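What follows is a single structure, written as structure tokens, with notes after it.
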Amino acid sequence: MELQMSDVEVVKDLVSKFQQLRNEISKVIVGQDDAVEQMLISILSGGHSLLIGVPGLAKTLLINTIAQAVGLDFNRIQFTPDLMPSDIIGTEILDENRAFKFVKGPVFANIILADEINRTPPKTQAALLEAMQEKSVTAAGTHFKLDPPFFVLATQNPIEQEGTYPLPEAQLDRFMFSVYLDYPSYEEEVEVVRRTTSNQDVKINNVVTKAEIIEFQKILRKIPVVDNVIEYAVTMVSKTRPNTEMSTELVDKYLDWGAGPRASQNIILASKVHAVLNGKFSPDIEDVKSVSFGILRHRIVKNYKAEAEGISETQIIESLF
């Protein structure tokens, strides 16, 4: 498969729009360049993202800013221990004619901010599963398709904090990226304080349209990938599965579970976007390595030995290269 000349023009437009998006986001968000890039790659790939970090690192602000810059329908859901599935999907009510009518919930939007998703019980967390995987909702016996594009951008406080519920592995696997936000550097924090303690009013411009995002997603699917790059990605994911033919000694020692086929799919999709954004028309192994950390980090399950010896997911993923 090769890109046509018209496709090449769309790809060039994508790169230009991506840079404009980064510029708009930087009006509000200081630093966090890797997090912003992974979030935007996720959106261009049609995937969902999970932001993980302690309170106060601008997780919610980052997602709000991205939503404004991409100009899509946006709903924010604050996850709490008493949130019910119907609060997300919607519910049936009796109308004035005493007939049942379905009132759509906040999931019917293009971008969903699932704020503090791990502060609600699994029953409510599961209400998002069908929407995330099938881009549809079943309620009151009726099947509703969600308008494309559809993204869930969720935030999560570290599980060590009180009052949280760990996300099930099945739901974690639906997120393309897990994005870890760290504390800002000294210089970045000085700039954050300077900006947020003045009366500066920042306006975020809408850079792309819904139609453009859908077009970008279609074009990116057409980016060719050579077999050895696909094989490299699949081999790397296969190595994460302990006690299998391809697993490494480190994996066998420190992991209980490895990543599934969805990880391989997401790595190739994200590699295509990463390659295009770096001036290439086909991804190489370096692109695969660049996107792998955020895609594999939440799909491997460490055992007690890894926890006891302080072995991180990053160390294990690096060993796969």
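In the structure tokens, the first chain shown is A, the next is B, and so on; residue numbers restart at 1 for each chain, and ligands run from 1 in the order shown.
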For the interface of stretch 141-196 of chain A with stretch 298-313 of chain A (cut-off 12 Å, counting only C-alpha atoms), please tabulate each contacting residue of stretch 141-196 of chain A alongside its nearest pair of atoms and their separation in Å to one decimal, rows sorted by chain and increasing number, as a Markdown table.
```
| residue | atom | partner | partner_atom | distance |
| --- | --- | --- | --- | --- |
| A:Pro166 | CA | A:His298 | CA | 11.8 |
| A:Leu167 | CA | A:His298 | CA | 10.3 |
| A:Pro168 | CA | A:His298 | CA | 10.8 |
| A:Glu169 | CA | A:Arg299 | CA | 7.5 |
| A:Ala170 | CA | A:Arg299 | CA | 9.4 |
| A:Gln171 | CA | A:Arg299 | CA | 10.3 |
| A:Leu172 | CA | A:His298 | CA | 6.7 |
| A:Asp173 | CA | A:Arg299 | CA | 6.3 |
| A:Arg174 | CA | A:Arg299 | CA | 9.8 |
| A:Phe175 | CA | A:His298 | CA | 8.7 |
| A:Met176 | CA | A:His298 | CA | 9.4 |
| A:Phe177 | CA | A:His298 | CA | 8.0 |
| A:Ser178 | CA | A:His298 | CA | 6.2 |
| A:Val179 | CA | A:His298 | CA | 9.4 |
| A:Tyr180 | CA | A:His298 | CA | 10.4 |
```
- Task: Identify, on the basis of only C-alpha atoms, every residue whose closest approach to stretch 280-296 of chain A does not exceed 9 Å; exclude the query and any residue fewer than 4 positions from it along the same chain; express the result as a VMD selection string.
- Result: chain A and resid 3 8 11 38 175 to 180 223 to 226 228 to 230 232 to 233 237 240 258 to 259 263 to 264 266 to 268 270 to 276 300 313 to 314 317 to 318 321
List every residue of stretch 78-119 of chain A that has an atom at most 8 Å from any atom of stretch 49-67 of chain A, giving for each one its closest atom pair and the distance in Å to one decimal, counting only C-alpha atoms, sorted by chain and then by ascending residue number, as CSV.
```
residue,atom,partner,partner_atom,distance
A:Ile111,CA,A:Ala67,CA,7.0
A:Leu113,CA,A:Ile63,CA,7.0
A:Asp115,CA,A:Thr60,CA,7.0
```
Okay, now the selection with C-alpha atoms, as an mmCIF file, in the first residue's frame?
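See out20.cif below for the written result:
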```
data_model
loop_
_atom_site.group_PDB
_atom_site.id
_atom_site.type_symbol
_atom_site.label_atom_id
_atom_site.label_comp_id
_atom_site.auth_asym_id
_atom_site.auth_seq_id
_atom_site.Cartn_x
_atom_site.Cartn_y
_atom_site.Cartn_z
ATOM 1 C CA ILE A 111 -14.438 13.530 24.192
ATOM 2 C CA LEU A 113 -13.140 13.387 30.586
ATOM 3 C CA ASP A 115 -12.078 12.464 36.111
#
```
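When the distance limit is 12 Å and only C-alpha atoms are what count, the residues near A:Lys210, minus those fewer than 5 positions from it on the same chain, are Ile43, Leu44, Ala67, Ala69, Val70, Gly71, Leu72, Asp73, Phe74, Ala109, Asn110, Ile111, Asp147, Pro148, Pro149, Phe150, Glu215, Phe216 and Gln217 of chain A.
Going from atom CA of A:Asp87 to atom CA of A:Phe102 covers 12.5 Å.
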- Proximity to A:Ile77 - best of A:Ser45, A:Thr120, A:Ser198, A:Asp95, only C-alpha atoms: A:Thr120
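Atom CA of A:Leu146 lies 6.2 Å from atom CA of A:Phe108.
Compared by their closest atoms to A:Asn278, and using only C-alpha atoms, the residues A:Glu24, A:Glu191, A:Asp227, A:Glu37 rank with A:Glu37 nearest.
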- Query: When DSSP works through the backbone of this structure, what residues of stretch 62-121 of chain A end up as helix (DSSP H, G or I), shown as a PyMOL selection string?
  - Reply: chain A and resi 62-70+85-89+117-119
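Among the candidates A:Ser16, A:Thr142, A:Ile117, A:Lys218, the one nearest to A:Asn157 when counting only C-alpha atoms is A:Ile117.
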Which residues, written as a short mmCIF file (atom, residue, chain, number, x, y, z; two decimals) with N, CA and C atoms, in the first residue's frame, have at least one atom at most 12 Å from A:Val202, with only C-alpha atoms counted and residues fewer than 2 positions away on the same chain left out?
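Produced file result-v4.cif, reproduced below:
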```
data_model
loop_
_atom_site.label_atom_id
_atom_site.label_comp_id
_atom_site.auth_asym_id
_atom_site.auth_seq_id
_atom_site.Cartn_x
_atom_site.Cartn_y
_atom_site.Cartn_z
N GLU A 24 -1.04 25.73 21.00
CA GLU A 24 -2.21 26.17 21.77
C GLU A 24 -2.18 25.61 23.19
N ILE A 25 -1.84 24.32 23.30
CA ILE A 25 -1.81 23.68 24.62
C ILE A 25 -0.75 24.31 25.51
N SER A 26 0.39 24.70 24.90
CA SER A 26 1.48 25.29 25.69
C SER A 26 1.12 26.67 26.25
N LYS A 27 0.03 27.27 25.75
CA LYS A 27 -0.43 28.54 26.34
C LYS A 27 -0.87 28.34 27.79
N VAL A 28 -1.35 27.13 28.08
CA VAL A 28 -1.89 26.83 29.41
C VAL A 28 -1.00 25.86 30.18
N ILE A 29 -0.51 24.83 29.49
CA ILE A 29 0.25 23.77 30.14
C ILE A 29 1.74 24.04 30.01
N THR A 65 -7.88 21.46 28.18
CA THR A 65 -7.20 22.29 27.17
C THR A 65 -7.18 21.60 25.82
N GLN A 68 -10.58 21.80 24.19
CA GLN A 68 -10.84 23.11 23.58
C GLN A 68 -10.10 23.26 22.26
N ARG A 195 2.15 32.22 36.07
CA ARG A 195 0.97 32.31 35.20
C ARG A 195 -0.33 32.25 35.99
N THR A 196 -0.38 31.36 36.98
CA THR A 196 -1.65 31.09 37.65
C THR A 196 -1.97 32.06 38.79
N SER A 198 -1.60 35.43 38.37
CA SER A 198 -1.84 36.75 37.77
C SER A 198 -3.25 36.77 37.17
N ASN A 199 -3.62 37.90 36.62
CA ASN A 199 -4.95 38.01 36.01
C ASN A 199 -4.91 37.74 34.51
N GLN A 200 -3.91 36.98 34.08
CA GLN A 200 -3.74 36.66 32.67
C GLN A 200 -4.90 35.79 32.18
N ILE A 204 -7.89 29.69 24.22
CA ILE A 204 -7.45 28.54 23.42
C ILE A 204 -8.23 28.54 22.11
N ASN A 205 -7.51 28.56 21.01
CA ASN A 205 -8.16 28.56 19.70
C ASN A 205 -8.44 27.14 19.24
#
```
